[in-house]
$ cat run01.cif   # mmCIF, C-alpha atoms
data_start
#
loop_
_atom_site.label_atom_id
_atom_site.label_comp_id
_atom_site.auth_asym_id
_atom_site.auth_seq_id
_atom_site.Cartn_x
_atom_site.Cartn_y
_atom_site.Cartn_z
CA MET A 994 68.76 70.02 -7.28
CA VAL A 995 68.14 68.70 -3.76
CA LEU A 996 67.99 72.25 -2.41
CA GLU A 997 65.28 73.12 -4.97
CA TRP A 998 63.04 70.29 -3.67
CA LEU A 999 63.58 71.44 -0.09
CA LEU A 1000 62.46 74.99 -0.95
CA ILE A 1001 59.24 74.00 -2.77
CA PRO A 1002 57.26 73.03 0.40
CA SER A 1003 58.40 76.26 2.08
CA LEU A 1004 57.38 78.32 -0.95
CA ARG A 1005 53.99 76.59 -1.05
CA SER A 1006 53.50 77.36 2.62
CA ILE A 1007 54.39 81.03 2.10
CA VAL A 1008 51.99 81.38 -0.85
CA TYR A 1009 49.19 79.56 1.00
CA ASP A 1010 49.66 81.60 4.19
CA THR A 1011 49.77 84.86 2.22
CA CYS A 1012 46.58 84.04 0.31
CA GLU A 1013 44.87 83.02 3.55
CA ALA A 1014 45.86 86.32 5.22
CA ILE A 1015 44.58 88.35 2.26
CA ALA A 1016 41.30 86.43 2.26
CA GLN A 1017 40.79 86.92 5.99
CA GLU A 1018 41.52 90.64 5.74
CA TYR A 1019 39.39 91.51 2.71
CA THR A 1020 36.62 88.91 2.38
CA GLU A 1021 34.09 90.81 4.47
CA GLU A 1022 34.81 94.06 2.61
CA VAL A 1023 34.79 92.61 -0.90
CA MET A 1024 32.29 89.79 -0.50
CA PRO A 1025 30.02 90.45 2.49
CA THR A 1026 27.82 87.45 3.19
CA PRO A 1027 24.44 88.50 4.65
CA LYS A 1028 24.31 87.74 8.38
CA THR A 1029 20.77 88.78 9.36
CA GLN A 1030 17.27 87.91 8.17
CA GLU A 1031 16.82 91.48 6.98
CA ALA A 1032 19.97 91.29 4.84
CA TRP A 1033 18.78 88.02 3.27
CA LYS A 1034 15.37 89.60 2.63
CA GLU A 1035 17.14 92.40 0.74
CA VAL A 1036 18.82 89.78 -1.47
CA ALA A 1037 15.42 88.20 -2.17
CA GLU A 1038 13.91 91.63 -2.93
CA GLU A 1039 16.69 92.34 -5.44
CA PHE A 1040 15.82 89.12 -7.26
CA LEU A 1041 12.16 90.12 -7.35
CA THR A 1042 12.79 93.62 -8.70
CA SER A 1043 15.58 92.62 -11.12
CA TRP A 1044 14.41 89.25 -12.37
CA ASN A 1045 10.76 88.93 -11.28
CA PHE A 1046 11.75 85.83 -9.33
CA ARG A 1047 10.32 85.50 -5.83
CA ASN A 1048 12.20 84.59 -2.64
CA PRO A 1049 15.57 83.24 -3.79
CA LEU A 1050 18.43 83.82 -1.42
CA GLY A 1051 20.98 83.68 -4.22
CA ALA A 1052 21.99 81.78 -7.32
CA ILE A 1053 24.38 78.90 -6.69
CA ASP A 1054 26.68 77.02 -9.04
CA GLY A 1055 29.82 74.94 -8.90
CA LYS A 1056 32.77 74.55 -11.23
CA HIS A 1057 35.38 71.82 -11.46
CA VAL A 1058 38.86 73.34 -11.65
CA ALA A 1059 41.34 70.93 -13.26
CA ILE A 1060 44.45 70.07 -11.23
CA LYS A 1061 47.34 67.64 -11.49
CA CYS A 1062 46.78 64.53 -9.43
CA PRO A 1063 48.30 65.15 -5.99
CA ARG A 1064 50.80 62.55 -4.84
CA ASN A 1065 49.34 59.61 -2.92
CA SER A 1066 45.75 60.86 -3.33
CA GLY A 1067 44.45 57.87 -5.29
CA SER A 1068 41.05 58.71 -6.77
CA PHE A 1069 40.17 61.29 -4.10
CA TYR A 1070 40.32 64.21 -6.58
CA TYR A 1071 39.16 62.23 -9.64
CA ASN A 1072 35.72 63.44 -10.78
CA TYR A 1073 32.92 61.89 -12.84
CA LYS A 1074 34.01 64.00 -15.84
CA GLY A 1075 37.21 62.00 -16.10
CA PHE A 1076 39.89 64.32 -14.71
CA TYR A 1077 41.33 65.44 -11.39
CA SER A 1078 39.82 68.58 -9.93
CA ILE A 1079 38.89 70.72 -6.98
CA ILE A 1080 35.44 72.28 -6.83
CA LEU A 1081 34.66 75.97 -6.60
CA LEU A 1082 31.15 76.67 -5.27
CA ALA A 1083 29.77 80.20 -5.47
CA ILE A 1084 26.55 81.95 -4.45
CA VAL A 1085 25.73 85.31 -6.08
CA ASP A 1086 23.03 87.94 -5.63
CA ALA A 1087 20.75 89.35 -8.35
CA ALA A 1088 23.52 91.67 -9.57
CA TYR A 1089 26.02 88.77 -9.87
CA LYS A 1090 27.98 89.94 -6.83
CA PHE A 1091 29.48 87.10 -4.83
CA LEU A 1092 27.86 86.40 -1.48
CA CYS A 1093 29.82 83.27 -0.65
CA VAL A 1094 32.60 81.24 -2.25
CA ASP A 1095 33.92 77.89 -1.15
CA ILE A 1096 36.99 76.34 -2.77
CA TRP A 1097 39.14 73.24 -2.30
CA VAL A 1098 36.56 70.47 -2.00
CA ASN A 1099 37.87 67.35 -3.73
CA GLY A 1100 36.58 66.70 -7.26
CA SER A 1101 35.02 63.35 -6.40
CA CYS A 1102 32.51 65.01 -4.05
CA SER A 1103 28.86 65.36 -5.13
CA ASP A 1104 27.08 68.73 -5.48
CA GLY A 1105 25.13 68.06 -2.30
CA GLY A 1106 28.30 67.10 -0.47
CA VAL A 1107 30.02 70.29 -1.57
CA PHE A 1108 27.11 72.42 -0.33
CA LYS A 1109 26.89 70.47 2.92
CA ASP A 1110 30.55 71.21 3.65
CA CYS A 1111 30.18 74.89 2.64
CA ASP A 1112 30.48 77.58 5.33
CA ILE A 1113 26.98 78.85 4.53
CA PHE A 1114 25.23 75.49 5.06
CA ILE A 1115 23.00 75.47 8.13
#
$ encode --input "run01.cif" --output "C-alpha cells"
Amino acid sequence: MVLEWLLIPSLRSIVYDTCEAIAQEYTEEVMPTPKTQEAWKEVAEEFLTSWNFRNPLGAIDGKHVAIKCPRNSGSFYYNYKGFYSIILLAIVDAAYKFLCVDIWVNGSCSDGGVFKDCDIFI
C-alpha cells in the first residue's frame, strides 16, 4: 500500500508532462491564435459575413469544471456556485473554432480575473 502512494505523484507528473508536451507540439497547428492585426481583422470579417455582427474579435465564455478539493487548498478552489472547480476559458471564431483556451485557474477567481490572467490578455 505504501508503494502505491509513492507511485501516484510520479504518475501524475508523467501524465502532466505528457499532456504539456502534446499541447506545446500541436496547439499552433490545431488552435492557431491570430498574431497579427490582419489575422484579427479576418476573424472580425467572418463574424460580419456569418452573423452580421460587426468588429468582434471572438466569442468568449468560461466554464467551471468540478474537481475534488485539493489537499490543503482551503477555499482557494471553492466557487460561488457552491462546489470546488477549475475554470476553462475559451475564445472562438465565427465558425466555433477555438482561437484560445486557458485552463487551470482556481474556481474562486472572478470572470475578469480569469481573463486578466489569460495568455491573450494585453
$ atom_distance --input "run01.cif" --atom1 "CA of Ile1060 in chain A" --atom2 "CA of Ser1103 in chain A"
17.4 Å
$ resolve_selection --input "run01.cif" --expression "the PyMOL selection byres ((chain A and resi 1006-1023) around 10)" --output "PDB file with C-alpha atoms, keeping the file's coordinate frame"
ATOM      1  CA  LEU A1000      62.460  74.990  -0.950  1.00  0.00           C
ATOM      2  CA  ILE A1001      59.240  74.000  -2.770  1.00  0.00           C
ATOM      3  CA  PRO A1002      57.260  73.030   0.400  1.00  0.00           C
ATOM      4  CA  SER A1003      58.400  76.260   2.080  1.00  0.00           C
ATOM      5  CA  LEU A1004      57.380  78.320  -0.950  1.00  0.00           C
ATOM      6  CA  ARG A1005      53.990  76.590  -1.050  1.00  0.00           C
ATOM      7  CA  MET A1024      32.290  89.790  -0.500  1.00  0.00           C
ATOM      8  CA  PRO A1025      30.020  90.450   2.490  1.00  0.00           C
ATOM      9  CA  THR A1026      27.820  87.450   3.190  1.00  0.00           C
ATOM     10  CA  PRO A1027      24.440  88.500   4.650  1.00  0.00           C
ATOM     11  CA  LYS A1090      27.980  89.940  -6.830  1.00  0.00           C
ATOM     12  CA  PHE A1091      29.480  87.100  -4.830  1.00  0.00           C
ATOM     13  CA  LEU A1092      27.860  86.400  -1.480  1.00  0.00           C
ATOM     14  CA  CYS A1093      29.820  83.270  -0.650  1.00  0.00           C
ATOM     15  CA  VAL A1094      32.600  81.240  -2.250  1.00  0.00           C
TER      16      VAL A1094
END
$ resolve_selection --input "run01.cif" --expression "the PyMOL selection byres ((chain A and resi 1074) around 12)" --output "mmCIF file with C-alpha atoms, keeping the file's coordinate frame"
data_model
loop_
_atom_site.group_PDB
_atom_site.id
_atom_site.type_symbol
_atom_site.label_atom_id
_atom_site.label_comp_id
_atom_site.auth_asym_id
_atom_site.auth_seq_id
_atom_site.Cartn_x
_atom_site.Cartn_y
_atom_site.Cartn_z
ATOM 1 C CA LYS A 1056 32.770 74.550 -11.230
ATOM 2 C CA HIS A 1057 35.380 71.820 -11.460
ATOM 3 C CA VAL A 1058 38.860 73.340 -11.650
ATOM 4 C CA ALA A 1059 41.340 70.930 -13.260
ATOM 5 C CA TYR A 1070 40.320 64.210 -6.580
ATOM 6 C CA TYR A 1071 39.160 62.230 -9.640
ATOM 7 C CA ASN A 1072 35.720 63.440 -10.780
ATOM 8 C CA TYR A 1073 32.920 61.890 -12.840
ATOM 9 C CA GLY A 1075 37.210 62.000 -16.100
ATOM 10 C CA PHE A 1076 39.890 64.320 -14.710
ATOM 11 C CA TYR A 1077 41.330 65.440 -11.390
ATOM 12 C CA SER A 1078 39.820 68.580 -9.930
ATOM 13 C CA GLY A 1100 36.580 66.700 -7.260
ATOM 14 C CA SER A 1101 35.020 63.350 -6.400
ATOM 15 C CA CYS A 1102 32.510 65.010 -4.050
ATOM 16 C CA SER A 1103 28.860 65.360 -5.130
#
$ atom_distance --input "run01.cif" --atom1 "CA of Phe1046 in chain A" --atom2 "CA of Asp1086 in chain A"
12.1 Å
$ atom_distance --input "run01.cif" --atom1 "CA of Glu1038 in chain A" --atom2 "CA of Ala1052 in chain A"
13.5 Å
$ closest_residue --input "run01.cif" --among "A:Ala1087, A:Cys1111, A:Cys1062, A:Leu1082" --to "Arg1047 in chain A" --atoms "only C-alpha atoms"
A:Ala1087
$ closest_residue --input "run01.cif" --among "A:Phe1069, A:Trp1097, A:Phe1108, A:Tyr1089" --to "Trp1044 in chain A" --atoms "all atoms listed in the file"
A:Tyr1089
$ resolve_selection --input "run01.cif" --expression "the PyMOL selection byres ((chain A and resi 1037) around 8)" --output "ChimeraX atom specification"
/A:1033-1036,1038-1041,1047-1051
$ residues_around --input "run01.cif" --residues "Gly1055 in chain A" --least-positions-apart "4" --cutoff "10 Å" --atoms "only C-alpha atoms" --output "compact mmCIF listing (two decimals) with C-alpha atoms, in the coordinates of the input"
# COMPACT_ATOMS: atom_id res chain seq x y z
CA ILE A 1080 35.44 72.28 -6.83
CA LEU A 1081 34.66 75.97 -6.60
CA LEU A 1082 31.15 76.67 -5.27
CA ALA A 1083 29.77 80.20 -5.47
CA ILE A 1084 26.55 81.95 -4.45
CA VAL A 1094 32.60 81.24 -2.25
CA ASP A 1095 33.92 77.89 -1.15
CA ILE A 1096 36.99 76.34 -2.77
CA ASP A 1104 27.08 68.73 -5.48
CA VAL A 1107 30.02 70.29 -1.57
CA PHE A 1108 27.11 72.42 -0.33
$ build_atoms --input "run01.cif" --residues "range 1082-1094 of chain A" --atoms "N, CA, C and O atoms" --output "mmCIF file, keeping the file's coordinate frame"
data_model
loop_
_atom_site.group_PDB
_atom_site.id
_atom_site.type_symbol
_atom_site.label_atom_id
_atom_site.label_comp_id
_atom_site.auth_asym_id
_atom_site.auth_seq_id
_atom_site.Cartn_x
_atom_site.Cartn_y
_atom_site.Cartn_z
ATOM 1 N N LEU A 1082 32.590 76.468 -5.434
ATOM 2 C CA LEU A 1082 31.150 76.670 -5.270
ATOM 3 C C LEU A 1082 30.930 78.144 -4.968
ATOM 4 O O LEU A 1082 31.617 78.710 -4.119
ATOM 5 N N ALA A 1083 30.010 78.775 -5.684
ATOM 6 C CA ALA A 1083 29.770 80.200 -5.470
ATOM 7 C C ALA A 1083 28.274 80.478 -5.396
ATOM 8 O O ALA A 1083 27.473 79.844 -6.083
ATOM 9 N N ILE A 1084 27.919 81.452 -4.555
ATOM 10 C CA ILE A 1084 26.550 81.950 -4.450
ATOM 11 C C ILE A 1084 26.611 83.439 -4.764
ATOM 12 O O ILE A 1084 27.439 84.164 -4.206
ATOM 13 N N VAL A 1085 25.742 83.899 -5.686
ATOM 14 C CA VAL A 1085 25.730 85.310 -6.080
ATOM 15 C C VAL A 1085 24.348 85.904 -5.848
ATOM 16 O O VAL A 1085 23.354 85.193 -5.765
ATOM 17 N N ASP A 1086 24.315 87.243 -5.762
ATOM 18 C CA ASP A 1086 23.030 87.940 -5.630
ATOM 19 C C ASP A 1086 22.478 88.268 -7.017
ATOM 20 O O ASP A 1086 23.024 87.827 -8.034
ATOM 21 N N ALA A 1087 21.417 89.038 -7.083
ATOM 22 C CA ALA A 1087 20.750 89.350 -8.350
ATOM 23 C C ALA A 1087 21.625 90.171 -9.287
ATOM 24 O O ALA A 1087 21.419 90.178 -10.494
ATOM 25 N N ALA A 1088 22.621 90.856 -8.747
ATOM 26 C CA ALA A 1088 23.520 91.670 -9.570
ATOM 27 C C ALA A 1088 24.837 90.939 -9.852
ATOM 28 O O ALA A 1088 25.820 91.563 -10.241
ATOM 29 N N TYR A 1089 24.851 89.628 -9.641
ATOM 30 C CA TYR A 1089 26.020 88.770 -9.870
ATOM 31 C C TYR A 1089 27.187 89.078 -8.943
ATOM 32 O O TYR A 1089 28.325 88.745 -9.250
ATOM 33 N N LYS A 1090 26.928 89.691 -7.808
ATOM 34 C CA LYS A 1090 27.980 89.940 -6.830
ATOM 35 C C LYS A 1090 28.075 88.718 -5.919
ATOM 36 O O LYS A 1090 27.057 88.192 -5.462
ATOM 37 N N PHE A 1091 29.283 88.286 -5.648
ATOM 38 C CA PHE A 1091 29.480 87.100 -4.830
ATOM 39 C C PHE A 1091 29.036 87.343 -3.393
ATOM 40 O O PHE A 1091 29.367 88.355 -2.785
ATOM 41 N N LEU A 1092 28.273 86.395 -2.875
ATOM 42 C CA LEU A 1092 27.860 86.400 -1.480
ATOM 43 C C LEU A 1092 28.699 85.415 -0.671
ATOM 44 O O LEU A 1092 28.966 85.617 0.501
ATOM 45 N N CYS A 1093 29.080 84.330 -1.323
ATOM 46 C CA CYS A 1093 29.820 83.270 -0.650
ATOM 47 C C CYS A 1093 30.577 82.457 -1.687
ATOM 48 O O CYS A 1093 30.042 82.184 -2.767
ATOM 49 N N VAL A 1094 31.800 82.094 -1.375
ATOM 50 C CA VAL A 1094 32.600 81.240 -2.250
ATOM 51 C C VAL A 1094 33.257 80.185 -1.380
ATOM 52 O O VAL A 1094 33.758 80.486 -0.298
#
